[in-house]
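J.: Pasting a structure below so you can have a look.
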Amino acid sequence: MKKVLIIAPEYMGYMEKVADHLRTKPGIAVTDIHIPVYKYTSLLTKISNFFLKRIGKDVKFAYRDNYIQDVIGDQTFDVTLVVRPDHLSETTLKQLKSQTLHFKSYFFDGVHRFPKMLKTVPYFDEIFSFEPNDCKEFGFESITNFIYDEQPLPEADTHFQYSVFNITSHDRQRFPLLVKIAAILKQQNLNYNIIIKTKKKVADAGLVSIIREPMSLEDIKVLLKQSVCMLDLGVISKHRGLTFRVFEAMGLHKKIITNNPDIAHYDFYDPQNILIINQESIEIPKSFLTSDYHPIPDRIYQKYTLNHWVNRVFTEVL
């Protein structure tokens, strides 16, 4: 029996999909650790940790390290995959490496957003990244995100509640663009659902919906199924990799509006399905939203499935 360990923050429900899929493979035992967000027990603890971080003793690291240790003990594994390794201490990374034959990481975001991830590079045998610029600069293994949910192609006469759907965390660069797009859609009398997760007070002129806590993948799927098109504003600063929004849309056979021009270089690109916008001069033709969706050829589609992703990342045990 081959043994696999997956470690990721709890909010990354995508890794639960990976673990569940691995369990469908014969001869593999999977341990998946989804670490909850650390919550301060008091204001005094929070203030104390502010100063502790300055001397390299952040209590969040101890919390995450202990959480992992309580689960795995002295077990050994054939493959270990860590997401957001910058959340773990050097001691724990060394320990994990000593307890596995193949120690890997998936950089869930670009190093320009989380530069501390670069300090963890020496610990890993292999690092995967969906960010093309990082793969080129640092020699990471290039891999896209994946289609984690697949549904049949909707009937041609299906009635959709929304023309455009988007859900994203607040970002100071992306937020004004989302509000601008919402205003354009409203002016065109198009129903849309743009949701932004933030605990900040933001001025949105009532054009977008604000939520305080993350939405589950299942709830997101329900809203996406009710929509013609997914809005993907994945390009922030140096970010050029394709977000999960793109693959969620692909799995549910939805059109995509995106500000990422690099999507045109992928083999699934079809202008009938994908509208690339210039954020300086945004145009969203109604004809794009009302025209038929072109199904992606199966030989191309299969390259972006969860099964393909799992087979590549965990090749040593499959």
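Naming works like this for the structure tokens: A, B, ... for the chains as they're shown, residue 1 at the start of each chain, ligands 1 onward in shown order.
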Env of range 194-203 of chain A: 6 Å cut, atoms = only C-alpha atoms, seq-sep filter 2 positions within chain, self excluded. Answer as a VMD selection string.
T.: chain A and resid 165 to 170 205 208 to 212
J.: May I have the residues from that selection written out with all heavy atoms, as a short mmCIF file (atom, residue, chain, number, x, y, z; two decimals), in the first residue's frame?
T.:
```
data_model
loop_
_atom_site.label_atom_id
_atom_site.label_comp_id
_atom_site.auth_asym_id
_atom_site.auth_seq_id
_atom_site.Cartn_x
_atom_site.Cartn_y
_atom_site.Cartn_z
N PHE A 165 -21.18 35.86 -13.73
CA PHE A 165 -20.95 35.56 -12.32
C PHE A 165 -19.46 35.68 -12.00
O PHE A 165 -18.60 35.31 -12.79
CB PHE A 165 -21.42 34.13 -11.99
CG PHE A 165 -21.01 33.66 -10.63
CD1 PHE A 165 -21.57 34.22 -9.49
CD2 PHE A 165 -20.06 32.66 -10.47
CE1 PHE A 165 -21.18 33.79 -8.22
CE2 PHE A 165 -19.67 32.22 -9.23
CZ PHE A 165 -20.24 32.79 -8.09
N ASN A 166 -19.18 36.22 -10.80
CA ASN A 166 -17.80 36.28 -10.33
C ASN A 166 -17.80 36.24 -8.81
O ASN A 166 -18.66 36.82 -8.16
CB ASN A 166 -17.11 37.57 -10.80
CG ASN A 166 -15.73 37.75 -10.17
OD1 ASN A 166 -15.60 38.30 -9.08
ND2 ASN A 166 -14.72 37.29 -10.86
N ILE A 167 -16.84 35.53 -8.25
CA ILE A 167 -16.60 35.58 -6.81
C ILE A 167 -15.10 35.64 -6.59
O ILE A 167 -14.34 34.89 -7.22
CB ILE A 167 -17.22 34.38 -6.07
CG1 ILE A 167 -17.00 34.52 -4.56
CG2 ILE A 167 -16.71 33.05 -6.60
CD1 ILE A 167 -17.82 33.55 -3.72
N THR A 168 -14.66 36.54 -5.73
CA THR A 168 -13.22 36.71 -5.52
C THR A 168 -12.97 37.39 -4.19
O THR A 168 -13.87 38.02 -3.62
CB THR A 168 -12.61 37.56 -6.66
OG1 THR A 168 -11.21 37.57 -6.53
CG2 THR A 168 -13.11 39.00 -6.60
N SER A 169 -11.75 37.26 -3.69
CA SER A 169 -11.35 38.00 -2.50
C SER A 169 -11.00 39.43 -2.89
O SER A 169 -10.61 39.70 -4.03
CB SER A 169 -10.13 37.34 -1.85
OG SER A 169 -10.43 36.04 -1.40
N HIS A 170 -11.16 40.34 -1.95
CA HIS A 170 -10.88 41.74 -2.23
C HIS A 170 -9.40 41.95 -2.54
O HIS A 170 -8.52 41.39 -1.89
CB HIS A 170 -11.26 42.62 -1.02
CG HIS A 170 -11.00 44.07 -1.23
ND1 HIS A 170 -9.79 44.66 -0.90
CD2 HIS A 170 -11.77 45.06 -1.74
CE1 HIS A 170 -9.84 45.95 -1.20
NE2 HIS A 170 -11.03 46.22 -1.70
N ALA A 205 -20.93 51.41 -4.36
CA ALA A 205 -22.11 52.04 -4.98
C ALA A 205 -23.25 51.04 -5.17
O ALA A 205 -24.08 51.20 -6.07
CB ALA A 205 -21.73 52.68 -6.32
N VAL A 208 -21.95 45.61 -6.28
CA VAL A 208 -21.48 44.24 -6.04
C VAL A 208 -21.98 43.78 -4.67
O VAL A 208 -22.41 44.59 -3.85
CB VAL A 208 -19.93 44.15 -6.10
CG1 VAL A 208 -19.43 44.58 -7.46
CG2 VAL A 208 -19.29 44.99 -5.00
N SER A 209 -21.90 42.47 -4.45
CA SER A 209 -22.30 41.90 -3.16
C SER A 209 -21.05 41.64 -2.32
O SER A 209 -20.03 41.16 -2.84
CB SER A 209 -23.05 40.57 -3.37
OG SER A 209 -24.23 40.79 -4.12
N ILE A 210 -21.12 41.96 -1.04
CA ILE A 210 -19.99 41.78 -0.14
C ILE A 210 -20.31 40.65 0.85
O ILE A 210 -21.39 40.62 1.45
CB ILE A 210 -19.70 43.07 0.65
CG1 ILE A 210 -19.44 44.25 -0.30
CG2 ILE A 210 -18.52 42.86 1.59
CD1 ILE A 210 -18.23 44.09 -1.18
N ILE A 211 -19.37 39.70 0.99
CA ILE A 211 -19.50 38.67 2.01
C ILE A 211 -18.29 38.74 2.93
O ILE A 211 -17.21 39.21 2.53
CB ILE A 211 -19.63 37.25 1.38
CG1 ILE A 211 -18.40 36.92 0.52
CG2 ILE A 211 -20.91 37.13 0.57
CD1 ILE A 211 -18.40 35.48 0.01
N ARG A 212 -18.45 38.28 4.16
CA ARG A 212 -17.37 38.36 5.16
C ARG A 212 -16.59 37.07 5.30
O ARG A 212 -15.42 37.08 5.68
CB ARG A 212 -17.96 38.75 6.53
CG ARG A 212 -18.76 40.05 6.52
CD ARG A 212 -17.92 41.23 6.08
NE ARG A 212 -18.70 42.47 6.04
CZ ARG A 212 -18.25 43.60 5.52
NH1 ARG A 212 -17.05 43.65 5.01
NH2 ARG A 212 -19.01 44.68 5.50
#
```
J.: Hey, which bits of range 167-239 of chain A sit within 12 Å of range 270-290 of chain A, and for each residue what's the closest pair of atoms and how far apart in Å (one decimal), counting only C-alpha atoms, rows by chain and increasing number, as JSON lines?
T.:
```
{"residue": "A:Gln173", "atom": "CA", "partner": "A:Gln279", "partner_atom": "CA", "distance": 11.6}
{"residue": "A:Arg174", "atom": "CA", "partner": "A:Gln279", "partner_atom": "CA", "distance": 10.3}
{"residue": "A:Pro176", "atom": "CA", "partner": "A:Gln279", "partner_atom": "CA", "distance": 10.5}
{"residue": "A:Leu177", "atom": "CA", "partner": "A:Gln279", "partner_atom": "CA", "distance": 7.3}
{"residue": "A:Leu178", "atom": "CA", "partner": "A:Gln279", "partner_atom": "CA", "distance": 10.0}
{"residue": "A:Val179", "atom": "CA", "partner": "A:Gln279", "partner_atom": "CA", "distance": 11.8}
{"residue": "A:Lys180", "atom": "CA", "partner": "A:Ile282", "partner_atom": "CA", "distance": 8.8}
{"residue": "A:Ile181", "atom": "CA", "partner": "A:Ile282", "partner_atom": "CA", "distance": 7.6}
{"residue": "A:Ala182", "atom": "CA", "partner": "A:Ile284", "partner_atom": "CA", "distance": 11.1}
{"residue": "A:Ala183", "atom": "CA", "partner": "A:Ile282", "partner_atom": "CA", "distance": 11.0}
{"residue": "A:Ile184", "atom": "CA", "partner": "A:Ile284", "partner_atom": "CA", "distance": 8.2}
{"residue": "A:Leu185", "atom": "CA", "partner": "A:Ile284", "partner_atom": "CA", "distance": 8.1}
{"residue": "A:Lys186", "atom": "CA", "partner": "A:Ile284", "partner_atom": "CA", "distance": 11.7}
{"residue": "A:Gln187", "atom": "CA", "partner": "A:Ile284", "partner_atom": "CA", "distance": 11.3}
{"residue": "A:Gln188", "atom": "CA", "partner": "A:Lys286", "partner_atom": "CA", "distance": 8.4}
{"residue": "A:Asn189", "atom": "CA", "partner": "A:Lys286", "partner_atom": "CA", "distance": 10.3}
{"residue": "A:Leu190", "atom": "CA", "partner": "A:Lys286", "partner_atom": "CA", "distance": 8.8}
{"residue": "A:Asn191", "atom": "CA", "partner": "A:Leu289", "partner_atom": "CA", "distance": 11.3}
{"residue": "A:Tyr192", "atom": "CA", "partner": "A:Leu289", "partner_atom": "CA", "distance": 11.7}
{"residue": "A:Ser227", "atom": "CA", "partner": "A:Leu289", "partner_atom": "CA", "distance": 10.2}
{"residue": "A:Val228", "atom": "CA", "partner": "A:Leu289", "partner_atom": "CA", "distance": 6.8}
{"residue": "A:Cys229", "atom": "CA", "partner": "A:Leu289", "partner_atom": "CA", "distance": 7.2}
{"residue": "A:Met230", "atom": "CA", "partner": "A:Ile274", "partner_atom": "CA", "distance": 9.6}
{"residue": "A:Leu231", "atom": "CA", "partner": "A:Leu275", "partner_atom": "CA", "distance": 9.5}
{"residue": "A:Asp232", "atom": "CA", "partner": "A:Ile276", "partner_atom": "CA", "distance": 9.8}
{"residue": "A:Leu233", "atom": "CA", "partner": "A:Gln279", "partner_atom": "CA", "distance": 9.7}
{"residue": "A:Gly234", "atom": "CA", "partner": "A:Ile276", "partner_atom": "CA", "distance": 11.7}
{"residue": "A:Val235", "atom": "CA", "partner": "A:Gln279", "partner_atom": "CA", "distance": 10.4}
{"residue": "A:Ile236", "atom": "CA", "partner": "A:Gln279", "partner_atom": "CA", "distance": 11.7}
```
J.: Please list as an mmCIF file with C-alpha atoms, in the first residue's frame every residue within 12 Å of Lys225 in chain A, counting only C-alpha atoms and excluding residues in the same chain fewer than 6 positions away.
T.:
```cif
data_model
loop_
_atom_site.group_PDB
_atom_site.id
_atom_site.type_symbol
_atom_site.label_atom_id
_atom_site.label_comp_id
_atom_site.auth_asym_id
_atom_site.auth_seq_id
_atom_site.Cartn_x
_atom_site.Cartn_y
_atom_site.Cartn_z
ATOM 1 C CA ASP A 149 -16.159 19.326 -11.004
ATOM 2 C CA GLU A 150 -17.668 18.160 -14.274
ATOM 3 C CA GLN A 151 -21.283 18.446 -15.376
ATOM 4 C CA PRO A 152 -23.150 17.518 -18.587
ATOM 5 C CA LEU A 153 -23.498 20.189 -21.241
ATOM 6 C CA PRO A 154 -26.680 22.210 -20.480
ATOM 7 C CA THR A 158 -31.750 26.347 -20.488
ATOM 8 C CA HIS A 159 -32.806 29.531 -18.702
ATOM 9 C CA PHE A 160 -30.019 31.126 -16.671
ATOM 10 C CA GLN A 161 -30.578 33.543 -13.806
ATOM 11 C CA TYR A 162 -27.383 35.523 -14.413
ATOM 12 C CA SER A 163 -25.497 36.555 -17.516
ATOM 13 C CA VAL A 164 -22.221 36.983 -15.624
ATOM 14 C CA PHE A 165 -20.947 35.555 -12.317
ATOM 15 C CA ASN A 166 -17.796 36.279 -10.326
ATOM 16 C CA GLU A 218 -20.457 23.674 -3.565
ATOM 17 C CA ASP A 219 -22.231 27.002 -3.082
ATOM 18 C CA GLU A 248 -14.672 25.878 -12.899
ATOM 19 C CA ALA A 249 -16.180 27.425 -16.019
ATOM 20 C CA MET A 250 -14.741 24.713 -18.262
ATOM 21 C CA GLY A 251 -16.139 21.893 -16.115
ATOM 22 C CA LEU A 252 -19.624 23.408 -16.223
ATOM 23 C CA HIS A 253 -19.366 24.428 -19.909
ATOM 24 C CA LYS A 254 -19.587 28.136 -19.199
ATOM 25 C CA LYS A 255 -18.247 31.042 -21.179
#
```
J.: For each of A:Ile143, A:Val37, A:Val83, A:Val222, take the minimum atom-to-atom distance to Asn311 in chain A, counting only C-alpha atoms, then give the residue where this is smallest.
T.: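 The answer is A:Ile143, which sits nearest to Asn311 in chain A.
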J.: Between A:Tyr269, A:Phe130, A:Phe140, A:Trp309, which one has atoms that come closest to Leu242 in chain A, using only C-alpha atoms?
T.: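 For Leu242 in chain A, the nearest of the candidates is A:Phe130.
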J.: Could you find all residues in range 127-316 of chain A that DSSP calls strand (DSSP E or B) from the backbone, and write them as a ChimeraX atom specification?
T.: /A:127-129,141-142,147,162-169,192-197,209-211,227-232,255-258,274-276,305
J.: With C-alpha atoms retained, could you export that selection as a PDB file, in the first residue's frame?
T.:
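After the write, part11.pdb holds the following:
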```pdb
ATOM      1  CA  ILE A 127       7.844  22.220  -7.015  1.00  0.00           C
ATOM      2  CA  PHE A 128       4.800  22.714  -9.228  1.00  0.00           C
ATOM      3  CA  SER A 129       3.398  26.111 -10.148  1.00  0.00           C
ATOM      4  CA  GLU A 141       7.414  22.435 -12.952  1.00  0.00           C
ATOM      5  CA  SER A 142       4.665  24.086 -14.984  1.00  0.00           C
ATOM      6  CA  ILE A 147     -11.289  21.010 -13.451  1.00  0.00           C
ATOM      7  CA  TYR A 162     -27.383  35.523 -14.413  1.00  0.00           C
ATOM      8  CA  SER A 163     -25.497  36.555 -17.516  1.00  0.00           C
ATOM      9  CA  VAL A 164     -22.221  36.983 -15.624  1.00  0.00           C
ATOM     10  CA  PHE A 165     -20.947  35.555 -12.317  1.00  0.00           C
ATOM     11  CA  ASN A 166     -17.796  36.279 -10.326  1.00  0.00           C
ATOM     12  CA  ILE A 167     -16.599  35.579  -6.805  1.00  0.00           C
ATOM     13  CA  THR A 168     -13.224  36.714  -5.523  1.00  0.00           C
ATOM     14  CA  SER A 169     -11.347  37.996  -2.503  1.00  0.00           C
ATOM     15  CA  TYR A 192     -25.114  39.620 -12.963  1.00  0.00           C
ATOM     16  CA  ASN A 193     -23.795  38.379  -9.622  1.00  0.00           C
ATOM     17  CA  ILE A 194     -20.409  39.740  -8.541  1.00  0.00           C
ATOM     18  CA  ILE A 195     -19.398  38.712  -5.014  1.00  0.00           C
ATOM     19  CA  ILE A 196     -16.372  40.026  -3.124  1.00  0.00           C
ATOM     20  CA  LYS A 197     -15.111  38.558   0.137  1.00  0.00           C
ATOM     21  CA  SER A 209     -22.296  41.895  -3.159  1.00  0.00           C
ATOM     22  CA  ILE A 210     -19.993  41.777  -0.138  1.00  0.00           C
ATOM     23  CA  ILE A 211     -19.503  38.665   2.007  1.00  0.00           C
ATOM     24  CA  SER A 227     -24.949  31.748 -14.986  1.00  0.00           C
ATOM     25  CA  VAL A 228     -24.091  31.982 -18.668  1.00  0.00           C
ATOM     26  CA  CYS A 229     -20.582  33.252 -18.119  1.00  0.00           C
ATOM     27  CA  MET A 230     -17.802  33.350 -15.522  1.00  0.00           C
ATOM     28  CA  LEU A 231     -15.934  36.632 -15.048  1.00  0.00           C
ATOM     29  CA  ASP A 232     -12.241  35.995 -14.332  1.00  0.00           C
ATOM     30  CA  LYS A 255     -18.247  31.042 -21.179  1.00  0.00           C
ATOM     31  CA  ILE A 256     -15.439  33.150 -19.729  1.00  0.00           C
ATOM     32  CA  ILE A 257     -14.764  36.893 -19.688  1.00  0.00           C
ATOM     33  CA  THR A 258     -11.170  37.529 -18.654  1.00  0.00           C
ATOM     34  CA  ILE A 274     -13.731  33.256 -24.182  1.00  0.00           C
ATOM     35  CA  LEU A 275     -13.865  37.051 -24.315  1.00  0.00           C
ATOM     36  CA  ILE A 276     -10.601  38.836 -23.529  1.00  0.00           C
ATOM     37  CA  THR A 305      -9.094  17.379 -15.538  1.00  0.00           C
TER      38      THR A 305
END
```
J.: If you run DSSP on the backbone here, which positions in range 38-167 of chain A get helix (DSSP H, G or I)? Please write them as a ChimeraX atom specification.
T.: /A:43-55,59-72,85-87,90-98,115-123,132-138
J.: Under the rule of at most 12 Å, produce a per-residue listing of range 98-165 of chain A near range 69-82 of chain A: chain, number, name, the closest pair of atoms, and the distance in Å, as a Markdown table, using only C-alpha atoms.
T.:
```
| residue | atom | partner | partner_atom | distance |
| --- | --- | --- | --- | --- |
| A:Ser98 | CA | A:Thr76 | CA | 8.3 |
| A:Gln99 | CA | A:Thr76 | CA | 4.6 |
| A:Thr100 | CA | A:Phe77 | CA | 4.6 |
| A:Leu101 | CA | A:Asp78 | CA | 5.0 |
| A:His102 | CA | A:Val79 | CA | 4.7 |
| A:Phe103 | CA | A:Thr80 | CA | 5.1 |
| A:Lys104 | CA | A:Leu81 | CA | 4.8 |
| A:Ser105 | CA | A:Val82 | CA | 4.7 |
| A:Tyr106 | CA | A:Val82 | CA | 6.4 |
| A:Phe107 | CA | A:Val82 | CA | 8.6 |
| A:Phe108 | CA | A:Val82 | CA | 9.8 |
| A:Met117 | CA | A:Val82 | CA | 11.3 |
| A:Thr120 | CA | A:Val82 | CA | 10.7 |
| A:Val121 | CA | A:Val82 | CA | 11.6 |
| A:Tyr123 | CA | A:Val82 | CA | 11.0 |
| A:Phe124 | CA | A:Val82 | CA | 9.4 |
| A:Asp125 | CA | A:Thr80 | CA | 10.3 |
| A:Glu126 | CA | A:Leu81 | CA | 9.5 |
| A:Ile127 | CA | A:Leu81 | CA | 9.3 |
| A:Phe128 | CA | A:Leu81 | CA | 9.9 |
```
J.: Could you save those same residues with N, CA, C and O atoms as a compact mmCIF listing (two decimals), in the first residue's frame?
T.:
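Output contents, as saved in again.txt:
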```
# COMPACT_ATOMS: atom_id res chain seq x y z
N SER A 98 12.14 14.30 5.99
CA SER A 98 12.79 13.08 6.49
C SER A 98 11.81 11.91 6.56
O SER A 98 12.23 10.75 6.67
N GLN A 99 10.50 12.22 6.51
CA GLN A 99 9.49 11.17 6.65
C GLN A 99 8.83 10.81 5.32
O GLN A 99 7.81 10.12 5.32
N THR A 100 9.40 11.27 4.21
CA THR A 100 8.80 10.95 2.91
C THR A 100 9.87 10.68 1.86
O THR A 100 10.98 11.22 1.93
N LEU A 101 9.54 9.82 0.90
CA LEU A 101 10.47 9.52 -0.17
C LEU A 101 10.51 10.63 -1.21
O LEU A 101 11.57 10.95 -1.76
N HIS A 102 9.35 11.22 -1.50
CA HIS A 102 9.26 12.26 -2.53
C HIS A 102 8.52 13.46 -1.92
O HIS A 102 7.32 13.38 -1.66
N PHE A 103 9.26 14.53 -1.71
CA PHE A 103 8.73 15.71 -1.01
C PHE A 103 8.46 16.81 -2.04
O PHE A 103 9.38 17.30 -2.69
N LYS A 104 7.17 17.18 -2.18
CA LYS A 104 6.77 18.09 -3.24
C LYS A 104 5.95 19.26 -2.69
O LYS A 104 5.38 19.19 -1.61
N SER A 105 5.89 20.32 -3.50
CA SER A 105 5.04 21.45 -3.15
C SER A 105 4.30 21.94 -4.39
O SER A 105 4.79 21.81 -5.51
N TYR A 106 3.12 22.49 -4.15
CA TYR A 106 2.37 23.18 -5.19
C TYR A 106 2.24 24.63 -4.75
O TYR A 106 1.60 24.92 -3.74
N PHE A 107 2.90 25.52 -5.49
CA PHE A 107 2.81 26.94 -5.17
C PHE A 107 1.48 27.47 -5.69
O PHE A 107 1.32 27.73 -6.88
N PHE A 108 0.55 27.58 -4.77
CA PHE A 108 -0.84 27.89 -5.09
C PHE A 108 -1.01 29.32 -5.59
O PHE A 108 -2.04 29.67 -6.12
N MET A 117 7.72 32.13 0.10
CA MET A 117 7.72 30.75 -0.39
C MET A 117 9.08 30.38 -0.98
O MET A 117 9.48 29.21 -0.97
N THR A 120 11.54 28.34 0.98
CA THR A 120 11.27 26.92 1.21
C THR A 120 11.74 26.04 0.05
O THR A 120 11.74 24.82 0.18
N VAL A 121 12.14 26.64 -1.04
CA VAL A 121 12.50 25.89 -2.25
C VAL A 121 13.53 24.79 -1.99
O VAL A 121 13.37 23.65 -2.48
N TYR A 123 14.02 22.76 0.27
CA TYR A 123 13.55 21.58 0.99
C TYR A 123 12.88 20.56 0.08
O TYR A 123 12.77 19.39 0.43
N PHE A 124 12.43 21.00 -1.09
CA PHE A 124 11.58 20.14 -1.91
C PHE A 124 12.33 19.47 -3.06
O PHE A 124 13.24 20.04 -3.65
N ASP A 125 11.89 18.25 -3.36
CA ASP A 125 12.42 17.52 -4.51
C ASP A 125 11.83 18.04 -5.81
O ASP A 125 12.46 17.98 -6.86
N GLU A 126 10.59 18.56 -5.72
CA GLU A 126 9.89 19.02 -6.92
C GLU A 126 8.87 20.08 -6.51
O GLU A 126 8.16 19.90 -5.52
N ILE A 127 8.81 21.16 -7.29
CA ILE A 127 7.84 22.22 -7.01
C ILE A 127 7.03 22.48 -8.27
O ILE A 127 7.58 22.72 -9.34
N PHE A 128 5.71 22.43 -8.13
CA PHE A 128 4.80 22.71 -9.23
C PHE A 128 4.23 24.12 -9.05
O PHE A 128 4.00 24.58 -7.94
```
J.: Rounded to one decimal place, report the CA of Val4 in chain A-CA of Leu22 in chain A distance in Å.
T.: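 Separating CA of Val4 in chain A from CA of Leu22 in chain A is a distance of 8.7 Å.
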J.: Using Å and a single decimal, report how far CA of Ser216 in chain A sits from CA of His87 in chain A.
T.: 22.1 Å
J.: Counting only C-alpha atoms, figure out which residue out of A:Gly110, A:Pro122, A:Pro214, A:Pro36 gets nearest to His239 in chain A.
T.: A:Gly110
J.: Could you give me, as a list in words, the residues within 9 Å of Asn133 in chain A, counting only C-alpha atoms and dropping anything in the same chain fewer than 4 positions from it?
T.: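 My list of contacting residues is Gly110, Glu137, Phe138, Lys238, His239, Arg240 and Gly241 of chain A.
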